[in-house]
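Raw contents of target_20.cif, mmCIF, C-alpha atoms:
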data_coords
loop_
_atom_site.label_atom_id
_atom_site.label_comp_id
_atom_site.auth_asym_id
_atom_site.auth_seq_id
_atom_site.Cartn_x
_atom_site.Cartn_y
_atom_site.Cartn_z
CA MET A 1 15.26 35.35 -28.45
CA ILE A 2 17.52 35.09 -25.40
CA ALA A 3 19.96 32.18 -25.51
CA ILE A 4 19.31 29.40 -23.01
CA GLU A 5 22.72 30.01 -21.42
CA ASP A 6 21.78 33.65 -20.74
CA GLN A 7 18.38 32.62 -19.42
CA ILE A 8 20.07 30.31 -16.93
CA ALA A 9 22.48 33.08 -15.89
CA ASP A 10 19.59 35.57 -15.54
CA LEU A 11 17.67 33.12 -13.41
CA VAL A 12 20.66 32.62 -11.13
CA ALA A 13 21.14 36.38 -10.82
CA SER A 14 17.45 37.03 -10.15
CA ARG A 15 17.86 35.65 -6.64
CA THR A 16 20.28 38.36 -5.57
CA ASP A 17 18.32 41.08 -7.36
CA ALA A 18 14.97 40.24 -5.78
CA SER A 19 13.67 42.40 -2.96
CA ILE A 20 11.70 39.42 -1.62
CA SER A 21 13.10 35.87 -1.71
CA VAL A 22 11.16 32.84 -0.58
CA GLN A 23 12.34 29.35 0.30
CA THR A 24 9.56 26.78 0.38
CA LEU A 25 11.56 23.55 0.01
CA GLY A 26 12.65 21.80 3.19
CA ASN A 27 11.90 24.85 5.28
CA PHE A 28 9.91 28.04 4.91
CA GLN A 29 11.94 31.23 5.02
CA VAL A 30 11.49 34.70 3.59
CA TRP A 31 14.15 37.32 3.00
CA ARG A 32 13.26 40.98 2.61
CA SER A 33 16.09 42.97 0.99
CA ALA A 34 18.44 40.07 1.78
CA GLU A 35 17.47 40.14 5.49
CA LEU A 36 15.83 37.05 6.92
CA VAL A 37 12.31 37.75 8.19
CA GLY A 38 12.05 36.50 11.77
CA SER A 39 9.19 34.19 12.68
CA LYS A 40 7.83 36.72 15.17
CA GLU A 41 7.29 39.25 12.40
CA TRP A 42 4.52 37.07 10.95
CA GLY A 43 2.49 37.42 14.11
CA ARG A 44 -0.32 34.87 13.94
CA ASP A 45 -0.03 31.69 11.87
CA VAL A 46 -2.92 32.83 9.66
CA SER A 47 -0.58 35.35 7.96
CA LEU A 48 1.91 32.61 7.11
CA GLN A 49 -0.92 30.40 5.90
CA LEU A 50 -2.27 33.07 3.55
CA PHE A 51 1.16 33.90 2.13
CA GLN A 52 1.99 30.21 1.60
CA PHE A 53 -1.39 29.65 0.00
CA LEU A 54 -0.84 32.55 -2.41
CA ILE A 55 2.62 31.22 -3.30
CA THR A 56 1.19 27.75 -3.92
CA HIS A 57 -1.50 29.18 -6.18
CA ARG A 58 0.68 31.87 -7.75
CA HIS A 59 -0.32 30.88 -11.29
CA ARG A 60 -4.03 31.16 -10.56
CA ARG A 61 -5.37 34.51 -11.60
CA GLY A 62 -7.76 36.31 -9.28
CA LEU A 63 -8.61 34.01 -6.40
CA HIS A 64 -11.85 35.05 -4.76
CA LYS A 65 -11.61 35.93 -1.08
CA GLU A 66 -14.34 33.43 -0.13
CA GLN A 67 -12.53 30.73 -2.08
CA ILE A 68 -9.29 31.43 -0.23
CA ILE A 69 -11.02 31.38 3.15
CA ASP A 70 -12.80 28.16 2.31
CA ARG A 71 -9.62 26.39 1.27
CA ILE A 72 -7.36 27.54 4.11
CA TRP A 73 -9.76 27.69 7.05
CA GLU A 74 -12.34 25.13 6.04
CA ASN A 75 -13.14 24.25 9.64
CA VAL A 76 -14.10 27.71 10.83
CA ASP A 77 -17.41 29.49 10.40
CA GLY A 78 -17.96 32.38 7.97
CA LYS A 79 -17.41 35.21 10.43
CA ALA A 80 -14.24 33.74 11.87
CA GLY A 81 -12.99 33.05 8.34
CA GLN A 82 -13.49 36.70 7.35
CA GLN A 83 -11.68 37.80 10.49
CA ASN A 84 -8.81 35.39 9.78
CA PHE A 85 -8.47 36.77 6.27
CA LYS A 86 -8.42 40.37 7.48
CA VAL A 87 -5.74 39.63 10.07
CA ALA A 88 -3.74 37.51 7.63
CA HIS A 89 -3.86 40.06 4.82
CA HIS A 90 -2.69 42.78 7.17
CA GLY A 91 0.06 40.48 8.52
CA VAL A 92 1.37 39.57 5.07
CA SER A 93 1.37 43.20 3.91
CA LYS A 94 3.28 44.22 7.01
CA VAL A 95 5.96 41.59 6.43
CA LEU A 96 6.40 42.19 2.72
CA GLU A 97 6.13 45.98 2.74
CA PRO A 98 6.62 47.30 6.28
CA ASP A 99 7.16 50.86 5.06
CA ARG A 100 4.19 51.03 2.71
CA LYS A 101 1.84 53.89 3.54
CA SER A 102 -1.75 53.01 4.32
CA ARG A 103 -4.25 53.30 1.46
CA THR A 104 -1.53 52.82 -1.13
CA GLU A 105 -1.43 49.88 -3.53
CA SER A 106 0.58 46.82 -2.54
CA GLN A 107 3.41 45.85 -4.84
CA TYR A 108 2.96 42.15 -4.17
CA ILE A 109 -0.67 41.40 -3.42
CA ILE A 110 -2.94 42.54 -6.20
CA ARG A 111 -6.51 43.15 -5.20
CA GLN A 112 -9.29 43.53 -7.73
CA GLY A 113 -12.70 43.73 -6.09
CA ALA A 114 -12.93 40.60 -3.97
CA THR A 115 -10.16 38.74 -5.79
CA TYR A 116 -6.53 38.50 -4.77
CA GLN A 117 -3.34 37.26 -6.37
CA LEU A 118 0.37 37.35 -5.79
CA ARG A 119 2.58 39.36 -8.12
CA PHE A 120 5.30 36.76 -7.91
CA GLU A 121 7.20 38.06 -10.94
CA ASP A 122 8.78 40.62 -8.62
CA MET A 123 9.87 37.98 -6.13
CA TRP A 124 12.30 35.10 -6.18
CA ILE A 125 10.60 31.86 -5.18
CA ASP A 126 12.66 28.64 -5.07
CA VAL A 127 9.98 26.38 -6.60
CA GLU A 128 9.41 28.82 -9.43
CA ALA A 129 13.15 28.96 -10.15
CA LEU A 130 13.42 25.16 -9.89
CA ASP A 131 10.57 24.77 -12.36
CA GLN A 132 12.26 27.14 -14.83
CA PHE A 133 15.70 25.50 -14.50
CA VAL A 134 14.22 22.08 -15.22
CA THR A 135 12.29 23.46 -18.20
CA LEU A 136 15.48 25.02 -19.62
CA GLY A 137 17.42 21.80 -19.03
CA ASN A 138 14.77 19.74 -20.81
CA GLN A 139 14.80 22.17 -23.75
CA VAL A 140 18.50 21.61 -24.44
CA LEU A 141 18.87 18.03 -23.22
CA LEU A 142 19.37 16.57 -26.70
CA ASP A 143 21.12 19.47 -28.43
CA ASP A 144 23.41 20.71 -25.70
CA PRO A 145 23.88 18.18 -22.87
CA GLN A 146 26.53 20.35 -21.18
CA LEU A 147 24.09 23.23 -20.85
CA ALA A 148 21.38 20.85 -19.74
CA GLN A 149 23.70 19.65 -16.97
CA LEU A 150 24.17 23.23 -15.81
CA ALA A 151 20.41 23.84 -15.66
CA TYR A 152 19.70 20.57 -13.83
CA ARG A 153 22.48 21.28 -11.32
CA GLU A 154 20.92 24.65 -10.52
CA ALA A 155 17.52 23.00 -10.09
CA ILE A 156 18.87 20.26 -7.84
CA ALA A 157 20.77 22.76 -5.70
CA LEU A 158 17.42 24.32 -4.80
CA HIS A 159 16.00 21.04 -3.59
CA LYS A 160 16.35 21.17 0.21
CA GLY A 161 13.40 18.91 1.00
CA VAL A 162 9.64 18.70 0.47
CA PHE A 163 7.49 21.66 -0.46
CA LEU A 164 6.13 23.51 2.59
CA PRO A 165 6.93 20.79 5.14
CA ASN A 166 4.85 22.54 7.79
CA ARG A 167 1.72 22.15 5.58
CA LEU A 168 2.08 18.46 4.76
CA TYR A 169 -1.44 17.69 5.91
CA GLU A 170 -3.12 20.62 4.18
CA ASP A 171 -5.18 19.73 1.16
CA TRP A 172 -4.33 22.93 -0.72
CA SER A 173 -0.58 22.29 -0.72
CA SER A 174 -0.63 18.69 -1.98
CA GLU A 175 -0.88 19.29 -5.71
CA GLU A 176 2.13 21.60 -5.84
CA ARG A 177 4.15 19.28 -3.56
CA GLU A 178 3.51 16.37 -5.91
CA ARG A 179 4.33 18.43 -9.01
CA ILE A 180 7.60 19.68 -7.57
CA GLN A 181 8.62 16.23 -6.37
CA LEU A 182 8.19 14.80 -9.87
CA LEU A 183 10.05 17.72 -11.44
CA THR A 184 12.92 17.21 -9.00
CA LEU A 185 13.04 13.45 -9.56
CA GLY A 186 13.15 14.11 -13.30
CA ALA A 187 16.09 16.48 -12.87
CA PHE A 188 18.00 13.94 -10.74
CA ILE A 189 17.39 11.15 -13.26
CA SER A 190 18.30 13.24 -16.32
CA LEU A 191 21.48 14.59 -14.74
CA SER A 192 22.62 11.24 -13.37
CA GLU A 193 22.04 9.69 -16.79
CA LEU A 194 24.09 12.43 -18.45
CA LEU A 195 26.98 11.78 -16.06
CA VAL A 196 27.13 7.97 -16.19
CA LYS A 197 30.13 7.85 -18.53
CA ASP A 198 32.02 11.01 -17.54
CA ASN A 199 31.47 11.00 -13.81
CA PRO A 200 29.99 7.71 -12.60
CA LEU A 201 30.57 8.44 -8.91
CA GLU A 202 28.59 11.66 -9.15
CA SER A 203 25.94 9.73 -11.04
CA VAL A 204 25.72 7.24 -8.16
CA ARG A 205 25.42 10.07 -5.64
CA LEU A 206 22.60 11.67 -7.63
CA THR A 207 20.66 8.43 -7.97
CA GLN A 208 21.03 7.89 -4.24
CA GLN A 209 19.48 11.32 -3.70
CA ALA A 210 16.66 10.44 -6.11
CA LEU A 211 16.03 7.25 -4.15
CA GLN A 212 15.83 9.24 -0.96
CA ILE A 213 12.90 11.10 -2.49
CA ASP A 214 11.27 7.92 -3.79
CA HIS A 215 12.93 4.60 -3.03
CA THR A 216 10.80 2.79 -5.64
CA TRP A 217 12.07 4.83 -8.62
CA GLU A 218 13.38 2.02 -10.82
CA ASP A 219 15.17 4.30 -13.31
CA ALA A 220 17.42 5.46 -10.47
CA TYR A 221 18.42 1.87 -9.60
CA ARG A 222 19.16 1.09 -13.24
CA ILE A 223 21.32 4.19 -13.76
CA GLN A 224 23.10 3.46 -10.49
CA MET A 225 23.88 -0.09 -11.71
CA GLU A 226 25.28 1.35 -14.95
CA ALA A 227 27.36 3.88 -13.04
CA TYR A 228 28.82 1.22 -10.72
CA LEU A 229 29.58 -0.92 -13.75
CA GLU A 230 31.30 2.03 -15.44
CA LYS A 231 33.37 2.50 -12.31
CA GLY A 232 34.30 -1.18 -12.36
CA ASN A 233 32.45 -1.92 -9.14
CA ARG A 234 30.57 -5.04 -10.22
CA PRO A 235 29.58 -6.20 -6.67
CA MET A 236 27.86 -2.88 -5.95
CA ALA A 237 26.08 -2.99 -9.31
CA LEU A 238 24.72 -6.45 -8.45
CA LYS A 239 23.83 -5.33 -4.93
CA THR A 240 21.91 -2.37 -6.34
CA TYR A 241 19.85 -4.73 -8.51
CA LYS A 242 19.03 -6.91 -5.51
CA GLN A 243 17.95 -3.86 -3.55
CA CYS A 244 15.76 -2.75 -6.47
CA GLU A 245 14.21 -6.21 -6.73
CA ARG A 246 13.47 -6.32 -3.00
CA VAL A 247 11.94 -2.84 -2.87
CA LEU A 248 9.70 -3.42 -5.89
CA GLU A 249 8.53 -6.72 -4.46
CA GLU A 250 7.83 -5.22 -1.05
CA GLU A 251 6.09 -2.09 -2.29
CA PHE A 252 4.28 -3.24 -5.45
CA GLY A 253 4.51 -7.02 -5.46
CA ILE A 254 6.22 -6.93 -8.86
CA GLY A 255 9.67 -7.53 -10.27
CA PRO A 256 12.02 -5.16 -12.12
CA LEU A 257 11.41 -4.31 -15.78
CA PRO A 258 13.03 -6.42 -18.53
CA GLU A 259 15.47 -3.56 -19.20
CA THR A 260 16.75 -3.71 -15.62
CA ARG A 261 16.82 -7.50 -15.59
CA GLN A 262 18.79 -7.56 -18.83
CA LEU A 263 21.34 -5.18 -17.36
CA TYR A 264 21.62 -7.44 -14.32
CA THR A 265 22.20 -10.47 -16.55
CA LYS A 266 24.83 -8.54 -18.48
CA ILE A 267 26.65 -7.54 -15.27
CA LYS A 268 26.52 -11.10 -13.95
CA THR A 269 28.20 -12.45 -17.07
CA ILE A 270 31.10 -10.00 -16.83
CA HIS A 271 34.20 -11.45 -15.15
CA MET B 1 -19.60 18.96 17.25
CA SER B 2 -18.01 17.68 14.08
CA THR B 3 -16.08 20.29 12.18
CA LYS B 4 -16.13 20.52 8.41
CA LYS B 5 -12.62 19.12 8.33
CA ASP B 6 -13.83 15.90 9.91
CA GLU B 7 -16.02 15.30 6.89
CA THR B 8 -13.27 15.54 4.32
CA ALA B 9 -10.68 13.05 3.15
CA SER B 10 -8.39 13.97 0.25
CA PHE B 11 -6.21 11.56 -1.66
CA MET B 12 -3.25 12.25 -3.89
CA LEU B 13 -2.83 9.56 -6.52
CA ARG B 14 0.22 9.09 -8.69
CA PHE B 15 0.37 6.69 -11.64
CA THR B 16 3.59 5.82 -13.43
CA GLN B 17 3.32 4.02 -16.72
CA LYS B 18 5.93 1.48 -17.78
CA ILE B 19 5.79 0.17 -21.34
CA PHE B 20 8.09 -2.72 -22.18
CA ASN B 21 8.37 -5.86 -24.26
CA ASN B 22 7.91 -9.11 -22.36
CA GLU B 23 10.07 -12.19 -22.86
CA ALA B 24 7.94 -13.24 -25.83
CA GLY B 25 8.63 -9.85 -27.39
CA GLU B 26 5.06 -8.66 -26.96
CA PRO B 27 4.46 -5.11 -25.76
CA GLU B 28 3.10 -4.75 -22.25
CA VAL B 29 1.96 -1.89 -20.08
CA GLN B 30 2.41 -1.80 -16.35
CA TRP B 31 1.04 0.77 -13.95
CA ARG B 32 2.74 1.59 -10.69
CA GLY B 33 1.50 4.14 -8.32
CA ASN B 34 1.13 5.48 -4.89
CA ILE B 35 -1.76 6.96 -3.00
CA ARG B 36 -1.45 9.36 -0.12
CA HIS B 37 -4.13 10.28 2.38
CA VAL B 38 -3.50 14.01 2.65
CA GLN B 39 -4.96 14.69 6.10
CA GLY B 40 -3.36 11.64 7.74
CA GLY B 41 -0.14 11.46 5.74
CA ASP B 42 -0.31 7.66 5.25
CA GLU B 43 0.92 6.42 1.94
CA GLN B 44 0.63 3.16 0.05
CA ARG B 45 2.16 1.89 -3.18
CA PHE B 46 0.14 -0.19 -5.59
CA SER B 47 0.25 -1.98 -8.90
CA GLN B 48 -3.41 -3.08 -8.84
CA PHE B 49 -6.27 -0.63 -8.59
CA ASP B 50 -8.03 -2.83 -6.01
CA GLU B 51 -5.36 -1.80 -3.52
CA VAL B 52 -6.31 1.84 -4.06
CA VAL B 53 -9.97 1.10 -3.42
CA SER B 54 -9.22 -0.76 -0.23
CA PHE B 55 -6.87 2.01 0.99
CA ILE B 56 -9.55 4.66 0.37
CA GLN B 57 -12.19 2.46 1.95
CA SER B 58 -10.20 2.03 5.14
CA LYS B 59 -9.53 5.78 5.45
CA LEU B 60 -13.20 6.58 4.86
CA ALA B 61 -14.22 4.05 7.49
CA ASP B 62 -11.87 5.77 9.95
CA LEU B 63 -13.48 9.07 9.07
CA THR B 64 -16.98 7.71 9.68
CA ILE B 65 -15.94 6.31 13.03
CA GLN B 66 -14.31 9.58 14.05
CA ALA B 67 -17.36 11.56 12.97
CA MET B 68 -19.58 9.43 15.23
CA GLU B 69 -17.45 9.75 18.34
CA ASP B 70 -19.77 12.29 19.94
CA LYS B 71 -23.00 10.47 19.07
CA PRO B 72 -24.79 8.28 21.60
CA ILE B 73 -23.47 4.76 21.62
CA GLU B 74 -26.77 3.29 20.45
CA GLU B 75 -26.83 5.59 17.44
CA GLN B 76 -23.22 4.69 16.64
CA LYS B 77 -24.03 1.01 16.74
CA GLY B 78 -27.06 1.54 14.51
CA ILE B 79 -25.19 3.44 11.83
CA LEU B 80 -22.25 1.10 11.87
CA SER B 81 -24.31 -2.06 11.85
CA LYS B 82 -26.31 -0.80 8.85
CA SER B 83 -23.12 0.18 7.17
CA PHE B 84 -21.34 -3.12 7.80
CA ASP B 85 -24.30 -5.44 7.40
CA LEU B 86 -23.65 -6.24 3.79
CA TRP B 87 -19.93 -6.74 4.36
CA LYS B 88 -20.49 -9.04 7.33
CA LYS B 89 -22.88 -11.27 5.45
CA MET B 90 -20.60 -11.39 2.43
CA ALA B 91 -17.68 -12.36 4.65
CA LEU B 92 -19.64 -15.09 6.45
CA GLU B 93 -21.22 -16.55 3.36
CA GLY B 94 -18.16 -15.98 1.20
CA PRO B 95 -16.15 -19.20 1.56
CA LYS B 96 -19.28 -21.37 1.15
CA MET B 97 -20.32 -19.46 -1.94
CA VAL B 98 -16.88 -19.74 -3.47
CA MET B 99 -16.83 -23.52 -3.04
CA GLU B 100 -20.26 -23.75 -4.64
CA THR B 101 -19.12 -21.47 -7.44
CA ILE B 102 -16.11 -23.65 -8.15
CA LYS B 103 -18.36 -26.72 -8.35
CA ASP B 104 -21.05 -25.06 -10.40
CA PRO B 105 -20.19 -21.59 -11.70
CA LYS B 106 -23.67 -20.59 -12.79
CA LYS B 107 -25.33 -21.80 -9.61
CA GLY B 108 -22.62 -20.15 -7.51
CA VAL B 109 -22.94 -16.81 -9.20
CA ALA B 110 -26.73 -17.03 -8.98
CA HIS B 111 -26.28 -17.60 -5.25
CA ILE B 112 -24.09 -14.50 -4.96
CA GLN B 113 -26.72 -12.63 -6.89
CA ASP B 114 -29.44 -13.76 -4.49
CA GLN B 115 -27.33 -12.73 -1.52
CA ILE B 116 -26.78 -9.28 -2.97
CA GLN B 117 -30.43 -8.90 -3.92
CA ASP B 118 -31.40 -9.97 -0.42
CA GLN B 119 -29.16 -7.33 1.11
CA ILE B 120 -30.37 -4.69 -1.30
CA HIS B 121 -33.95 -5.35 -0.18
CA GLN B 122 -32.96 -5.33 3.47
CA VAL B 123 -31.36 -1.93 3.33
CA LYS B 124 -34.27 -0.67 1.23
CA ASP B 125 -31.96 0.53 -1.46
CA GLU B 126 -33.44 1.68 -4.70
CA ILE B 127 -31.23 -0.60 -6.77
CA THR B 128 -33.45 -3.25 -8.29
CA GLN B 129 -31.62 -4.21 -11.41
CA LYS B 130 -30.66 -7.89 -11.60
CA LEU B 131 -27.04 -8.74 -12.14
CA GLU B 132 -26.10 -10.12 -15.54
CA ILE B 133 -24.73 -13.62 -14.98
CA ASP B 134 -24.35 -14.97 -18.51
CA THR B 135 -20.84 -13.61 -18.85
CA TRP B 136 -19.83 -15.69 -15.80
CA LYS B 137 -20.57 -19.02 -17.45
CA ARG B 138 -17.02 -19.52 -18.66
CA ALA B 139 -15.28 -18.16 -15.59
CA SER B 140 -11.71 -19.43 -15.24
CA LYS B 141 -9.91 -20.69 -12.17
CA SER B 142 -8.11 -17.38 -11.84
CA ASP B 143 -11.54 -15.70 -11.58
CA TYR B 144 -12.35 -17.96 -8.63
CA ASN B 145 -9.01 -17.18 -7.08
CA GLN B 146 -9.75 -13.50 -7.48
CA ILE B 147 -13.15 -13.90 -5.83
CA MET B 148 -11.53 -15.83 -3.00
CA GLN B 149 -8.93 -13.11 -2.53
CA LYS B 150 -11.56 -10.36 -2.56
CA LEU B 151 -13.71 -12.15 -0.02
CA SER B 152 -10.71 -12.72 2.16
CA ASP B 153 -9.89 -8.99 1.94
CA ILE B 154 -13.47 -8.07 2.82
CA SER B 155 -13.37 -10.50 5.70
CA ASN B 156 -10.19 -8.89 7.05
CA GLU B 157 -11.71 -5.46 6.69
CA VAL B 158 -14.81 -6.46 8.63
CA VAL B 159 -12.61 -7.84 11.40
CA ALA B 160 -10.62 -4.59 11.49
CA LEU B 161 -13.78 -2.48 11.48
CA ASN B 162 -15.37 -4.59 14.21
CA ASN B 163 -12.27 -4.10 16.34
CA LYS B 164 -12.57 -0.38 15.86
CA VAL B 165 -16.24 -0.45 16.83
CA GLU B 166 -15.41 -2.42 19.95
CA LYS B 167 -12.67 0.04 20.85
CA LEU B 168 -15.11 2.90 20.37
CA SER B 169 -17.73 1.23 22.50
CA LYS B 170 -15.22 0.69 25.27
CA LYS B 171 -14.05 4.27 25.02
CA SER B 172 -17.62 5.62 25.18
CA SER B 173 -18.59 3.41 28.09
CA LYS B 174 -15.66 4.71 30.22
#

Transcribe the structure of this file into structure tokens.
Amino acid sequence: MIAIEDQIADLVASRTDASISVQTLGNFQVWRSAELVGSKEWGRDVSLQLFQFLITHRHRRGLHKEQIIDRIWENVDGKAGQQNFKVAHHGVSKVLEPDRKSRTESQYIIRQGATYQLRFEDMWIDVEALDQFVTLGNQVLLDDPQLAQLAYREAIALHKGVFLPNRLYEDWSSEERERIQLLTLGAFISLSELLVKDNPLESVRLTQQALQIDHTWEDAYRIQMEAYLEKGNRPMALKTYKQCERVLEEEFGIGPLPETRQLYTKIKTIH
Amino acid sequence: MSTKKDETASFMLRFTQKIFNNEAGEPEVQWRGNIRHVQGGDEQRFSQFDEVVSFIQSKLADLTIQAMEDKPIEEQKGILSKSFDLWKKMALEGPKMVMETIKDPKKGVAHIQDQIQDQIHQVKDEITQKLEIDTWKRASKSDYNQIMQKLSDISNEVVALNNKVEKLSKKSSK
């Protein structure tokens, strides 16, 4: 079995080795042999839509053509949907493999009858890498916190914003966006918690980033209070609690958890 | 013509569970969450499920109104008035019913039951089952408060929906 440390290193290296690299977080960009694919190369938006859809559903085996059409172009009739798919499929193939000869098998889009799927194992996709870094970090969190830190740092470095920001209002992208956001929040919280004692300022910075993703995440406020306390900045620790209290009241109509309140009481009593 | 997209509303719901011991040392569970209307992008946080229902309800009402934009104004009015009839009556009768319920719980609940039955007959619904009122006999004050809150929410919704209808009517008559 490959050691976790090597798995992390392999995952980092896989980006430079990949012939196709895809960024989906914060912005959508594709690199082919390390060269950025220009937006004009995609031609019509339908090509981008199909590729993004296949990336989003990369773990689904054999998506039926009709199913794909129905999910992406739900507001067009059957004939127009078929035409969109044809144009999109051609567009994606042209971008990913511009030199592929006609009637030869695609390396990336596997077709079996009327079903299609992305062979993403041969690509580097940021969300896939982020997912794997977080998984590796979680695996060693208790046994090897230093290694866990390394994995979480790699995951967080990939977080440039929300998943497919240009498809925020598309039904088919929501599930993956939610999943990735929770994974990312988890990485921020775990790493900031690991750093509270050794590097409280970095811990504060990380919790601030977590709160930018979700300003109601109470764990982030609590860790931030601990980090400020560790740094000796009692006023900021108290201010953080007040902010947490206000946000929870405004958004949920509830107060902080006993754990957070107890920490606040503890900080207040320190002189 | 309405597209298929106009008929769909998707919602992404997130629940976060918080388990803790209260001041008396008893374990408690709290649910926090947020709901997002995918097509519109609006988001709302909640700690009570009622808030989810009302969020969904308001988005679905928007969808209905949008879907009727191209229908003749008379048809729009007909559909909307049928749709809102029950809510309107509940909102109008609500405060009176609540006061009666506080004075005499069983009588009050029976009154609510009659109102609902009356509406069910009016809209020719197939629901005929009588509501079970025995469990309401020992209703507490917090139950009345809850009813009051719900009726107030419904009332606000009807006002908001009526405003939308009026806006639509004005738009169509231009």

Report task. Let me know the residues the PyMOL selection byres ((chain A) within 6 of (chain B)) catches in the file above, as a list in words. Result ->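 Those residues are Asn75, Tyr169, Glu251 and Phe252 of chain A.
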
Report task. Name the residues that the PyMOL selection byres ((chain A and resi 63) around 12) picks from the file above, as number ranges by chain, using the file's chain letters and numbers. Result -> A: 50, 53-62, 64-71, 109-118

Report task. Quick one: apply the PyMOL selection byres ((chain A and resi 80-87) around 8) to the file and drop the selected residues here as a PyMOL selection string. Result -> chain A and resi 46-47+50+69-70+73+76-79+88-91

Since we have the selection now, will you write its residues out, keeping C-alpha atoms, as a PDB file, in the coordinates of the input?
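Saved result, result15.pdb, follows:
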ATOM      1  CA  VAL A  46      -2.920  32.830   9.660  1.00  0.00           C
ATOM      2  CA  SER A  47      -0.580  35.350   7.960  1.00  0.00           C
ATOM      3  CA  LEU A  50      -2.270  33.070   3.550  1.00  0.00           C
ATOM      4  CA  ILE A  69     -11.020  31.380   3.150  1.00  0.00           C
ATOM      5  CA  ASP A  70     -12.800  28.160   2.310  1.00  0.00           C
ATOM      6  CA  TRP A  73      -9.760  27.690   7.050  1.00  0.00           C
ATOM      7  CA  VAL A  76     -14.100  27.710  10.830  1.00  0.00           C
ATOM      8  CA  ASP A  77     -17.410  29.490  10.400  1.00  0.00           C
ATOM      9  CA  GLY A  78     -17.960  32.380   7.970  1.00  0.00           C
ATOM     10  CA  LYS A  79     -17.410  35.210  10.430  1.00  0.00           C
ATOM     11  CA  ALA A  88      -3.740  37.510   7.630  1.00  0.00           C
ATOM     12  CA  HIS A  89      -3.860  40.060   4.820  1.00  0.00           C
ATOM     13  CA  HIS A  90      -2.690  42.780   7.170  1.00  0.00           C
ATOM     14  CA  GLY A  91       0.060  40.480   8.520  1.00  0.00           C
TER      15      GLY A  91
END

**Report entry** Separation of atom CA of Glu175 of chain A from atom CA of Phe28 of chain A in Å
**Finding:**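 Going from atom CA of Phe28 of chain A over to atom CA of Glu175 of chain A, I get 17.5 Å.
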
Query raised in the report: So how many Å separate atom CA of Leu211 of chain A and atom CA of Lys160 of chain A, to one decimal?
Result: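 Straight-line distance from atom CA of Leu211 of chain A to atom CA of Lys160 of chain A works out to 14.6 Å.
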
Report task. Between A:Val247, A:Val30, A:Gln7, A:Tyr241, single out the one closest to Thr260 of chain A, counting all atoms listed in the file. Result -> A:Tyr241

Requested in this report: Give me, please, the distance in Å between atom CA of Leu194 of chain A and atom CA of Gln149 of chain A, quoted to one decimal.
Outcome: 7.4 Å

Query - Spatial neighbours of segment 130-134 of chain A, max dist 9 Å, all atoms listed in the file, sep filter under 6 positions, as a PyMOL selection string - result: chain A and resi 8+11+148+150-159+180+183-184+186-187

Convert the current residue selection to file output with C-alpha atoms, as a PDB file, keeping the file's coordinate frame.
ATOM      1  CA  ILE A   8      20.070  30.310 -16.930  1.00  0.00           C
ATOM      2  CA  LEU A  11      17.670  33.120 -13.410  1.00  0.00           C
ATOM      3  CA  ALA A 148      21.380  20.850 -19.740  1.00  0.00           C
ATOM      4  CA  LEU A 150      24.170  23.230 -15.810  1.00  0.00           C
ATOM      5  CA  ALA A 151      20.410  23.840 -15.660  1.00  0.00           C
ATOM      6  CA  TYR A 152      19.700  20.570 -13.830  1.00  0.00           C
ATOM      7  CA  ARG A 153      22.480  21.280 -11.320  1.00  0.00           C
ATOM      8  CA  GLU A 154      20.920  24.650 -10.520  1.00  0.00           C
ATOM      9  CA  ALA A 155      17.520  23.000 -10.090  1.00  0.00           C
ATOM     10  CA  ILE A 156      18.870  20.260  -7.840  1.00  0.00           C
ATOM     11  CA  ALA A 157      20.770  22.760  -5.700  1.00  0.00           C
ATOM     12  CA  LEU A 158      17.420  24.320  -4.800  1.00  0.00           C
ATOM     13  CA  HIS A 159      16.000  21.040  -3.590  1.00  0.00           C
ATOM     14  CA  ILE A 180       7.600  19.680  -7.570  1.00  0.00           C
ATOM     15  CA  LEU A 183      10.050  17.720 -11.440  1.00  0.00           C
ATOM     16  CA  THR A 184      12.920  17.210  -9.000  1.00  0.00           C
ATOM     17  CA  GLY A 186      13.150  14.110 -13.300  1.00  0.00           C
ATOM     18  CA  ALA A 187      16.090  16.480 -12.870  1.00  0.00           C
TER      19      ALA A 187
END

Report summary line: Among A:Lys40, A:Lys266, A:Lys239, A:Arg234, Lys94 of chain A is approached most closely, using all atoms listed in the file, by A:Lys40
